[in-house]
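Text of start_22.txt (compact mmCIF, C-alpha atoms) as supplied:
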# COMPACT_ATOMS: atom_id res chain seq x y z
CA MET A 1 65.46 -51.94 33.11
CA ARG A 2 66.32 -48.51 31.76
CA ILE A 3 63.07 -46.66 31.10
CA GLY A 4 62.86 -43.47 29.06
CA CYS A 5 60.25 -40.72 29.07
CA PRO A 6 60.68 -38.23 26.21
CA LYS A 7 58.89 -34.91 25.93
CA GLU A 8 55.68 -35.11 23.88
CA ILE A 9 56.00 -33.33 20.54
CA LYS A 10 52.47 -33.52 19.14
CA ASN A 11 50.78 -30.13 18.66
CA ARG A 12 49.77 -28.63 22.03
CA GLU A 13 50.38 -31.88 23.88
CA TYR A 14 51.27 -30.90 27.42
CA ARG A 15 50.88 -34.28 29.11
CA VAL A 16 53.84 -36.47 30.02
CA GLY A 17 54.21 -40.23 30.17
CA LEU A 18 55.55 -40.33 33.74
CA THR A 19 54.88 -38.01 36.64
CA PRO A 20 57.78 -37.48 39.07
CA GLU A 21 55.94 -39.75 41.52
CA SER A 22 55.63 -42.53 38.92
CA ALA A 23 59.29 -42.17 38.03
CA GLY A 24 60.09 -42.51 41.72
CA GLU A 25 58.08 -45.74 41.98
CA LEU A 26 60.05 -47.25 39.11
CA VAL A 27 63.33 -46.15 40.67
CA ALA A 28 62.27 -47.64 44.01
CA ASN A 29 61.76 -50.96 42.20
CA GLY A 30 65.37 -50.95 41.07
CA HIS A 31 64.99 -49.45 37.61
CA GLU A 32 66.77 -46.55 35.96
CA VAL A 33 64.51 -43.77 34.68
CA TRP A 34 65.64 -41.22 32.11
CA VAL A 35 63.42 -38.17 31.55
CA GLU A 36 63.98 -35.63 28.81
CA SER A 37 64.64 -32.14 30.15
CA GLY A 38 61.40 -30.14 30.17
CA ALA A 39 59.16 -33.20 29.60
CA GLY A 40 57.00 -32.46 32.64
CA ALA A 41 56.80 -28.67 32.33
CA GLY A 42 53.28 -28.84 30.93
CA ILE A 43 51.97 -30.30 34.20
CA GLY A 44 54.09 -28.11 36.45
CA ALA A 45 56.68 -30.85 37.03
CA PHE A 46 60.18 -29.54 36.48
CA ASP A 47 63.50 -31.31 36.06
CA SER A 48 64.33 -30.87 39.74
CA HIS A 49 61.13 -32.70 40.72
CA TYR A 50 62.22 -35.73 38.74
CA GLU A 51 65.75 -35.60 40.09
CA GLU A 52 64.39 -35.48 43.65
CA ARG A 53 62.63 -38.79 42.90
CA GLY A 54 65.80 -40.42 41.61
CA ALA A 55 65.28 -40.01 37.87
CA LYS A 56 68.06 -38.86 35.55
CA VAL A 57 67.34 -35.79 33.41
CA ILE A 58 68.60 -36.16 29.83
CA ALA A 59 69.15 -33.30 27.41
CA THR A 60 67.64 -34.80 24.25
CA ALA A 61 65.03 -37.31 23.13
CA ALA A 62 67.59 -38.84 20.78
CA GLU A 63 69.65 -40.03 23.76
CA ILE A 64 66.59 -41.53 25.43
CA PHE A 65 65.47 -43.46 22.34
CA ALA A 66 69.04 -44.65 21.71
CA GLU A 67 69.75 -45.93 25.22
CA CYS A 68 66.50 -46.94 26.92
CA GLU A 69 64.92 -50.39 26.78
CA MET A 70 61.37 -49.14 27.28
CA ILE A 71 59.85 -45.84 26.14
CA VAL A 72 56.83 -44.53 28.05
CA LYS A 73 54.77 -41.85 26.31
CA VAL A 74 51.23 -40.50 26.09
CA LYS A 75 50.45 -39.94 22.42
CA GLU A 76 51.29 -42.07 19.42
CA PRO A 77 54.89 -41.65 18.22
CA GLN A 78 55.37 -38.97 15.60
CA ALA A 79 57.41 -39.65 12.46
CA GLU A 80 60.72 -38.51 13.94
CA GLU A 81 60.12 -40.66 17.02
CA ILE A 82 59.23 -43.73 14.96
CA ALA A 83 62.51 -43.30 13.09
CA ARG A 84 64.35 -43.63 16.43
CA LEU A 85 62.63 -46.84 17.56
CA ARG A 86 64.57 -50.06 17.18
CA GLU A 87 64.22 -53.81 17.27
CA GLY A 88 63.71 -55.21 20.76
CA GLN A 89 62.71 -51.86 22.26
CA VAL A 90 59.37 -51.66 24.10
CA LEU A 91 57.04 -48.74 23.37
CA TYR A 92 54.23 -48.22 25.90
CA THR A 93 51.75 -45.50 24.93
CA TYR A 94 48.47 -44.75 23.15
CA LEU A 95 48.67 -45.88 19.51
CA HIS A 96 45.23 -45.91 17.80
CA LEU A 97 46.63 -47.79 14.82
CA ALA A 98 43.53 -48.81 12.86
CA PRO A 99 42.96 -45.41 11.20
CA ASP A 100 46.71 -44.68 10.90
CA PRO A 101 48.42 -46.84 8.26
CA ALA A 102 51.56 -44.68 8.18
CA GLN A 103 52.22 -45.10 11.89
CA THR A 104 51.49 -48.81 11.71
CA GLU A 105 53.91 -49.26 8.82
CA GLY A 106 56.59 -47.34 10.70
CA LEU A 107 56.20 -49.42 13.86
CA VAL A 108 56.27 -52.64 11.85
CA LYS A 109 59.45 -51.58 10.06
CA SER A 110 61.13 -50.53 13.32
CA GLY A 111 60.92 -54.05 14.77
CA CYS A 112 59.89 -52.66 18.17
CA THR A 113 57.36 -54.13 20.58
CA ALA A 114 54.46 -51.67 20.75
CA ILE A 115 51.97 -51.92 23.62
CA ALA A 116 48.83 -49.77 23.24
CA TYR A 117 47.13 -48.34 26.30
CA GLU A 118 43.77 -48.32 24.53
CA THR A 119 43.52 -52.08 23.98
CA VAL A 120 44.59 -53.32 27.43
CA THR A 121 41.50 -54.92 28.99
CA SER A 122 40.28 -55.60 32.52
CA PRO A 123 38.75 -58.68 34.14
CA HIS A 124 35.40 -56.89 33.93
CA GLY A 125 35.62 -56.38 30.18
CA GLY A 126 36.45 -52.68 30.19
CA LEU A 127 39.40 -50.70 28.85
CA PRO A 128 40.98 -49.39 32.06
CA LEU A 129 43.89 -47.50 30.48
CA LEU A 130 41.55 -45.71 28.07
CA LYS A 131 38.87 -44.97 30.67
CA PRO A 132 40.39 -41.95 32.44
CA MET A 133 41.07 -40.15 29.16
CA SER A 134 37.57 -41.05 27.97
CA GLN A 135 36.23 -39.50 31.16
CA VAL A 136 38.24 -36.33 30.55
CA ALA A 137 37.35 -36.15 26.84
CA GLY A 138 33.67 -36.77 27.53
CA ARG A 139 33.53 -33.94 30.01
CA MET A 140 35.60 -31.65 27.81
CA SER A 141 33.39 -32.34 24.78
CA ILE A 142 30.56 -30.33 26.29
CA GLN A 143 32.63 -27.32 27.32
CA ALA A 144 34.40 -27.33 23.93
CA GLY A 145 31.09 -27.68 22.10
CA ALA A 146 29.49 -24.97 24.23
CA SER A 147 32.28 -22.58 23.25
CA ALA A 148 31.94 -23.53 19.58
CA LEU A 149 28.20 -22.77 19.79
CA GLU A 150 28.96 -19.14 20.57
CA LYS A 151 28.28 -16.87 17.61
CA ALA A 152 31.79 -15.40 17.73
CA HIS A 153 33.15 -18.93 17.19
CA GLY A 154 30.86 -19.72 14.25
CA GLY A 155 28.03 -21.36 16.17
CA ARG A 156 24.29 -20.70 16.44
CA GLY A 157 24.63 -18.38 19.40
CA VAL A 158 22.91 -20.79 21.80
CA LEU A 159 23.55 -21.02 25.56
CA LEU A 160 23.26 -24.70 26.43
CA GLY A 161 21.48 -24.18 29.74
CA GLY A 162 19.18 -21.46 28.45
CA VAL A 163 17.80 -18.85 30.86
CA PRO A 164 14.35 -18.40 32.42
CA GLY A 165 11.86 -17.95 29.61
CA VAL A 166 14.21 -19.30 26.91
CA MET A 167 14.56 -22.96 25.98
CA PRO A 168 17.92 -24.65 26.65
CA GLY A 169 20.08 -26.03 23.87
CA LYS A 170 19.60 -29.63 22.75
CA VAL A 171 22.58 -32.00 23.03
CA VAL A 172 22.52 -35.41 21.34
CA ILE A 173 25.19 -37.85 22.52
CA ILE A 174 25.73 -40.89 20.29
CA GLY A 175 27.20 -43.64 22.45
CA GLY A 176 26.43 -44.32 26.10
CA GLY A 177 29.82 -45.68 27.19
CA VAL A 178 32.41 -43.90 29.30
CA VAL A 179 32.72 -40.89 26.97
CA GLY A 180 28.98 -40.57 26.48
CA PHE A 181 28.17 -40.98 30.17
CA ASN A 182 30.64 -38.27 31.17
CA ALA A 183 29.45 -35.97 28.40
CA ALA A 184 25.89 -36.46 29.63
CA GLN A 185 26.92 -35.59 33.19
CA MET A 186 28.28 -32.25 32.01
CA SER A 187 25.43 -31.55 29.59
CA ALA A 188 22.68 -32.38 32.07
CA GLY A 189 24.55 -30.48 34.77
CA LEU A 190 24.46 -27.35 32.63
CA GLY A 191 20.72 -27.77 32.18
CA ALA A 192 20.80 -28.68 28.47
CA ASP A 193 18.09 -30.84 26.92
CA THR A 194 20.20 -34.02 26.78
CA VAL A 195 19.58 -37.16 24.73
CA ILE A 196 21.81 -40.25 25.01
CA MET A 197 21.70 -42.75 22.13
CA ASP A 198 23.04 -46.30 22.09
CA LEU A 199 22.34 -49.68 20.45
CA ASN A 200 22.66 -51.65 23.69
CA PRO A 201 19.38 -51.77 25.68
CA GLU A 202 21.32 -52.49 28.88
CA VAL A 203 23.39 -49.34 28.41
CA LEU A 204 20.23 -47.31 27.79
CA GLU A 205 18.67 -48.75 30.93
CA LYS A 206 21.76 -47.96 33.00
CA VAL A 207 22.09 -44.34 31.88
CA GLY A 208 18.34 -43.83 32.01
CA THR A 209 18.22 -45.02 35.61
CA HIS A 210 21.18 -42.81 36.55
CA PHE A 211 19.97 -39.59 34.94
CA GLU A 212 16.21 -40.09 35.45
CA ALA A 213 14.46 -36.91 34.28
CA ARG A 214 17.72 -34.99 33.72
CA ALA A 215 18.37 -36.74 30.38
CA SER A 216 16.42 -38.96 28.00
CA THR A 217 17.54 -42.08 26.14
CA ARG A 218 16.90 -43.24 22.60
CA PHE A 219 17.78 -46.36 20.61
CA ALA A 220 20.51 -45.55 18.07
CA SER A 221 18.88 -46.82 14.90
CA ARG A 222 19.78 -45.00 11.70
CA ALA A 223 16.31 -43.42 11.47
CA ASN A 224 16.45 -42.23 15.09
CA ILE A 225 19.95 -40.79 14.62
CA GLU A 226 18.81 -38.90 11.54
CA GLU A 227 15.86 -37.42 13.41
CA ALA A 228 17.82 -36.55 16.55
CA VAL A 229 20.68 -34.92 14.63
CA ALA A 230 18.23 -32.70 12.74
CA GLU A 231 16.86 -31.40 16.05
CA ALA A 232 20.20 -30.91 17.83
CA ASP A 233 22.20 -27.81 18.63
CA MET A 234 25.18 -30.04 19.47
CA VAL A 235 25.98 -33.66 18.58
CA VAL A 236 28.71 -35.51 20.47
CA GLY A 237 30.19 -38.58 18.75
CA ALA A 238 31.14 -40.96 21.56
CA VAL A 239 31.29 -44.40 19.92
CA LEU A 240 34.12 -46.91 20.26
CA VAL A 241 34.92 -50.24 18.66
CA PRO A 242 38.04 -51.35 20.60
CA GLY A 243 41.13 -51.20 18.40
CA ALA A 244 39.12 -50.68 15.20
CA ALA A 245 38.14 -47.65 13.14
CA ALA A 246 35.01 -45.88 14.37
CA PRO A 247 31.81 -46.42 12.36
CA LYS A 248 30.53 -43.40 10.39
CA LEU A 249 27.17 -42.69 12.02
CA VAL A 250 26.46 -39.16 10.76
CA SER A 251 26.65 -38.78 6.98
CA ARG A 252 27.30 -35.59 5.06
CA ALA A 253 23.72 -35.74 3.81
CA MET A 254 22.50 -35.44 7.41
CA LEU A 255 24.32 -32.12 7.78
CA LYS A 256 21.87 -30.59 5.29
CA THR A 257 19.03 -31.33 7.73
CA MET A 258 20.75 -29.68 10.73
CA LYS A 259 20.32 -26.16 12.03
CA PRO A 260 22.96 -23.80 10.57
CA GLY A 261 25.61 -23.16 13.21
CA ALA A 262 24.99 -26.41 15.06
CA VAL A 263 28.10 -28.15 16.38
CA LEU A 264 29.52 -31.64 15.91
CA VAL A 265 32.09 -32.76 18.51
CA ASP A 266 33.86 -35.95 17.40
CA VAL A 267 35.47 -37.58 20.42
CA ALA A 268 36.08 -40.71 18.30
CA ILE A 269 38.51 -38.84 16.04
CA ASP A 270 41.52 -40.78 17.44
CA GLN A 271 39.94 -43.87 15.84
CA GLY A 272 39.13 -42.11 12.57
CA GLY A 273 35.99 -40.28 13.67
CA CYS A 274 32.31 -41.22 13.65
CA PHE A 275 31.09 -38.41 11.38
CA GLU A 276 31.65 -38.73 7.63
CA THR A 277 32.91 -35.14 7.43
CA SER A 278 35.36 -35.40 10.34
CA HIS A 279 39.09 -34.90 10.05
CA ALA A 280 41.53 -34.41 12.90
CA THR A 281 42.21 -30.88 14.11
CA THR A 282 44.54 -29.38 16.72
CA HIS A 283 44.19 -27.09 19.71
CA ASP A 284 45.77 -24.36 17.55
CA ASP A 285 42.97 -24.61 14.98
CA PRO A 286 40.23 -26.72 16.60
CA THR A 287 37.21 -26.16 14.36
CA TYR A 288 36.16 -25.99 10.74
CA VAL A 289 32.82 -25.63 8.97
CA VAL A 290 31.16 -28.00 6.49
CA ASP A 291 27.70 -27.14 5.10
CA ASP A 292 27.21 -24.50 7.83
CA ILE A 293 27.93 -27.04 10.60
CA VAL A 294 30.84 -26.39 13.00
CA HIS A 295 33.10 -29.42 13.52
CA TYR A 296 35.32 -29.77 16.61
CA CYS A 297 37.67 -32.73 16.04
CA VAL A 298 40.75 -32.18 18.22
CA ALA A 299 42.62 -35.48 18.41
CA ASN A 300 44.22 -34.90 21.81
CA MET A 301 41.49 -33.11 23.72
CA PRO A 302 42.75 -34.15 27.20
CA GLY A 303 46.12 -32.51 26.46
CA ALA A 304 44.50 -29.15 27.18
CA VAL A 305 43.90 -30.14 30.83
CA SER A 306 47.31 -31.73 31.06
CA ARG A 307 47.82 -31.94 34.79
CA THR A 308 44.48 -33.59 35.53
CA SER A 309 44.89 -35.89 32.54
CA THR A 310 48.47 -36.94 33.29
CA TYR A 311 47.80 -37.85 36.89
CA ALA A 312 44.60 -39.71 35.96
CA LEU A 313 46.49 -41.60 33.24
CA ASN A 314 49.45 -42.49 35.46
CA ASN A 315 47.10 -43.94 38.06
CA VAL A 316 46.22 -46.70 35.61
CA THR A 317 49.35 -47.05 33.45
CA LEU A 318 51.96 -47.21 36.23
CA PRO A 319 50.97 -50.65 37.63
CA HIS A 320 51.43 -52.25 34.20
CA ALA A 321 54.67 -50.32 33.61
CA LEU A 322 56.00 -51.78 36.86
CA ARG A 323 55.01 -55.31 35.82
CA ILE A 324 56.64 -54.92 32.41
CA ALA A 325 59.82 -53.53 33.97
CA ASN A 326 59.97 -56.03 36.83
CA LYS A 327 59.20 -59.19 34.83
CA GLY A 328 59.99 -58.27 31.24
CA TRP A 329 57.14 -57.71 28.80
CA LYS A 330 56.74 -61.36 27.76
CA GLU A 331 56.55 -62.74 31.28
CA ALA A 332 54.26 -59.89 32.35
CA MET A 333 51.88 -60.74 29.52
CA ARG A 334 52.02 -64.46 30.19
CA ALA A 335 50.99 -63.69 33.76
CA ASP A 336 48.28 -61.21 32.76
CA PRO A 337 46.18 -61.94 29.64
CA HIS A 338 44.53 -58.53 29.99
CA LEU A 339 47.87 -56.75 29.61
CA ALA A 340 48.62 -59.08 26.67
CA GLN A 341 45.65 -57.54 24.83
CA GLY A 342 47.68 -54.34 24.67
CA LEU A 343 50.26 -55.88 22.34
CA ASN A 344 49.65 -54.38 18.87
CA VAL A 345 52.99 -54.79 17.06
CA HIS A 346 55.97 -57.05 17.71
CA ALA A 347 59.14 -57.76 15.72
CA GLY A 348 57.74 -56.57 12.41
CA LYS A 349 54.31 -58.17 12.80
CA VAL A 350 50.86 -56.87 13.72
CA THR A 351 49.48 -58.76 16.70
CA TYR A 352 46.07 -57.11 17.26
CA PRO A 353 43.26 -58.63 15.15
CA ALA A 354 41.26 -55.45 14.52
CA VAL A 355 44.36 -53.58 13.29
CA ALA A 356 45.46 -56.45 11.05
CA SER A 357 41.97 -56.73 9.57
CA GLU A 358 41.53 -52.98 9.07
CA LEU A 359 44.93 -52.40 7.43
CA GLY A 360 45.47 -55.71 5.61
CA TYR A 361 48.35 -57.19 7.61
CA ASP A 362 48.93 -60.85 8.32
CA LEU A 363 48.18 -61.46 11.98
CA LEU A 364 50.76 -62.81 14.43
CA PRO A 365 48.60 -64.17 17.26
CA ILE A 366 49.51 -62.69 20.63
CA GLU A 367 49.88 -66.21 22.05
CA GLU A 368 52.68 -66.90 19.57
CA ALA A 369 54.35 -63.53 20.17
CA ILE A 370 54.65 -64.12 23.91
CA ALA A 371 55.47 -67.85 23.72

Starting from the file, lay out its structure as structure tokens.
Amino acid sequence: MRIGCPKEIKNREYRVGLTPESAGELVANGHEVWVESGAGAGIGAFDSHYEERGAKVIATAAEIFAECEMIVKVKEPQAEEIARLREGQVLYTYLHLAPDPAQTEGLVKSGCTAIAYETVTSPHGGLPLLKPMSQVAGRMSIQAGASALEKAHGGRGVLLGGVPGVMPGKVVIIGGGVVGFNAAQMSAGLGADTVIMDLNPEVLEKVGTHFEARASTRFASRANIEEAVAEADMVVGAVLVPGAAAPKLVSRAMLKTMKPGAVLVDVAIDQGGCFETSHATTHDDPTYVVDDIVHYCVANMPGAVSRTSTYALNNVTLPHALRIANKGWKEAMRADPHLAQGLNVHAGKVTYPAVASELGYDLLPIEEAIA
């Protein structure tokens, strides 16, 4: 198979779909890998590094989209990339379609086969291709929020860990999954007063046992969220409904009860955000203020730590890329029902139930698509 890796073009996106080492693994399995010139520069991987591993460096993305059977990326395709996709071509990347009707429409019209990292499952019920980026984003949420809390950046002027004789800042984390757990590790590590909220008693028990006295847990009822948000210096939105739009857990009315200069960090923004007042921002302009509350809603947070993120991502995406290339996507999915859960769009049809339901498409069952 000829596999293409174009340079990411989303704002401040420095990650790359394939590291030189991953490209080399695909080449060693008998495949041809085309990498756009400069695609790996953001992680310190230059054209010569790819060539040393047997990949072919191509001058433009247009050539890659025109000639390659599978496209491997990191972020969802932008409008100009969608226009280059074609029927029968495989796209393997993050998609986050439920809150993005324009992208979904474009992929449907292209006729391509779109496989989403974020909906591939594991035998244990997790989302293994989303997990490493959730780990990165969870950890980054605290350092980004801590910066936004500084007075010069519009915040309350609170140091999360406090100092002797001065109380630490209070961090409320809504969601105790991978993002929330990693956010809590950073928050508690800094010495902040950390509260983790979730609806699942088993999750609360797990994080409570892990953190012991370093963080507290609280059931995420609406009343408890309202009370916790009012007391917080920083709120981290860390909820996920796989493949679907995130629920809105903090309303605009709640902002009126918060301390002026408090910070909301919406890690769920890729899925539409879990705060009513959230809208996606970029690393160029990461924050905005609503009702005196600072919002940090960067949609590609891990792109700022591109080298760590790319290598962590390739660790989990490469094995599936090899299976798709070695067997063809249909046979790979027949052999692995967990990979099959990554199929979101095929031949002009939506194949993932949550996306079809959210955006009003007729559903083509995955079983029929891979038959």

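If all atoms listed in the file are the atoms counted, then among A:Val136, A:Ala340, A:Ala280, A:Ala299 the closest residue to Glu76 of chain A is A:Ala299.
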
For atom CA of Val265 of chain A and atom CA of Thr209 of chain A, quote the distance in Å rounded to one decimal. 25.2 Å

Counting only C-alpha atoms, what are the residues of segment 57-132 of chain A within 12 Å of segment 363-371 of chain A, and for each of them which pair of atoms is the nearest and at what distance in Å, to one decimal? Sort the table by chain and rising number, as a tab-separated table.
residue	atom	partner	partner_atom	distance
A:Val108	CA	A:Leu364	CA	11.9
A:Thr113	CA	A:Ala369	CA	9.9
A:Ala114	CA	A:Ala369	CA	11.9
A:Ile115	CA	A:Ile366	CA	11.4

File of the preceding selection, C-alpha atoms, as a PDB file, keeping the file's coordinate frame:
ATOM      1  CA  VAL A 108      56.270 -52.640  11.850  1.00  0.00           C
ATOM      2  CA  THR A 113      57.360 -54.130  20.580  1.00  0.00           C
ATOM      3  CA  ALA A 114      54.460 -51.670  20.750  1.00  0.00           C
ATOM      4  CA  ILE A 115      51.970 -51.920  23.620  1.00  0.00           C
TER       5      ILE A 115
END

Considering all atoms listed in the file, state which residue in the set A:Val72, A:Val207, A:Ala335, A:Leu97 is at the smallest distance from Pro353 of chain A. A:Leu97

Distance query Glu358 of chain A at most 10 Å, only C-alpha atoms, self and fewer than 6 positions along chain excluded, as a PyMOL selection string: chain A and resi 97-101+243-245

Taking 2 positions as the minimum chain separation for residues in the same chain, which residues sit within 10 Å of Lys256 of chain A when counting only C-alpha atoms? Answer as a PyMOL selection string. chain A and resi 230+251-254+258-260+290-293

Judged by all atoms listed in the file, the minimum distance to Ile58 of chain A among A:Met234, A:Val35, A:Met167, A:Ala183 is found for A:Val35

Suppose you want the space between atom CA of Ala304 of chain A and atom CA of Ala246 of chain A; what is it in Å?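 For atom CA of Ala304 of chain A relative to atom CA of Ala246 of chain A, the distance reads 23.1 Å.
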
Exercise: segment 12-24 of chain A partners within 10 Å, all atoms listed in the file, chain neighbours under 6 positions left out, as a PyMOL selection string: chain A and resi 3-6+30-35+38-56+71-75+92-93+282-284+300-311+313-315+317-319+321-322

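Excluding segment 222-225 of chain A itself and same-chain residues fewer than 6 positions from it, the residues having an atom within 8 Å of it are Met197, Leu249 and Val250 of chain A, counting only C-alpha atoms.
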
Can you pull out the residues contacting segment 146-157 of chain A? Cut-off 12 Å, using all atoms listed in the file, and skip same-chain residues under 5 positions away; I want them as a count of residues only. 38

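As for atom CA of Ile196 of chain A and atom CA of Leu129 of chain A, they are spaced 23.9 Å apart.
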
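Between Thr351 of chain A and the candidates A:Val267, A:Leu199, A:Ala116, A:Val239, the tightest atom-to-atom separation, counting all atoms listed in the file, involves A:Ala116.
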
May I have the centre and edge lengths, in Å to one decimal, of an axis-aligned box around the listed atoms of segment 130-133 of chain A with 8 Å added to every side, as AutoDock Vina command-line options?
--center_x 40.2 --center_y -42.9 --center_z 30.3 --size_x 18.7 --size_y 21.6 --size_z 20.4

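With all atoms listed in the file as the atoms that count, the minimum distance from Asp198 of chain A to the choices A:Ala59, A:Ala220, A:Met133, A:Leu85 is reached by A:Ala220.
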
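Comparing A:Ala228, A:Leu130, A:Ala213, A:Gly145 by their smallest distance to Leu160 of chain A, the closest is A:Gly145 (using all atoms listed in the file).
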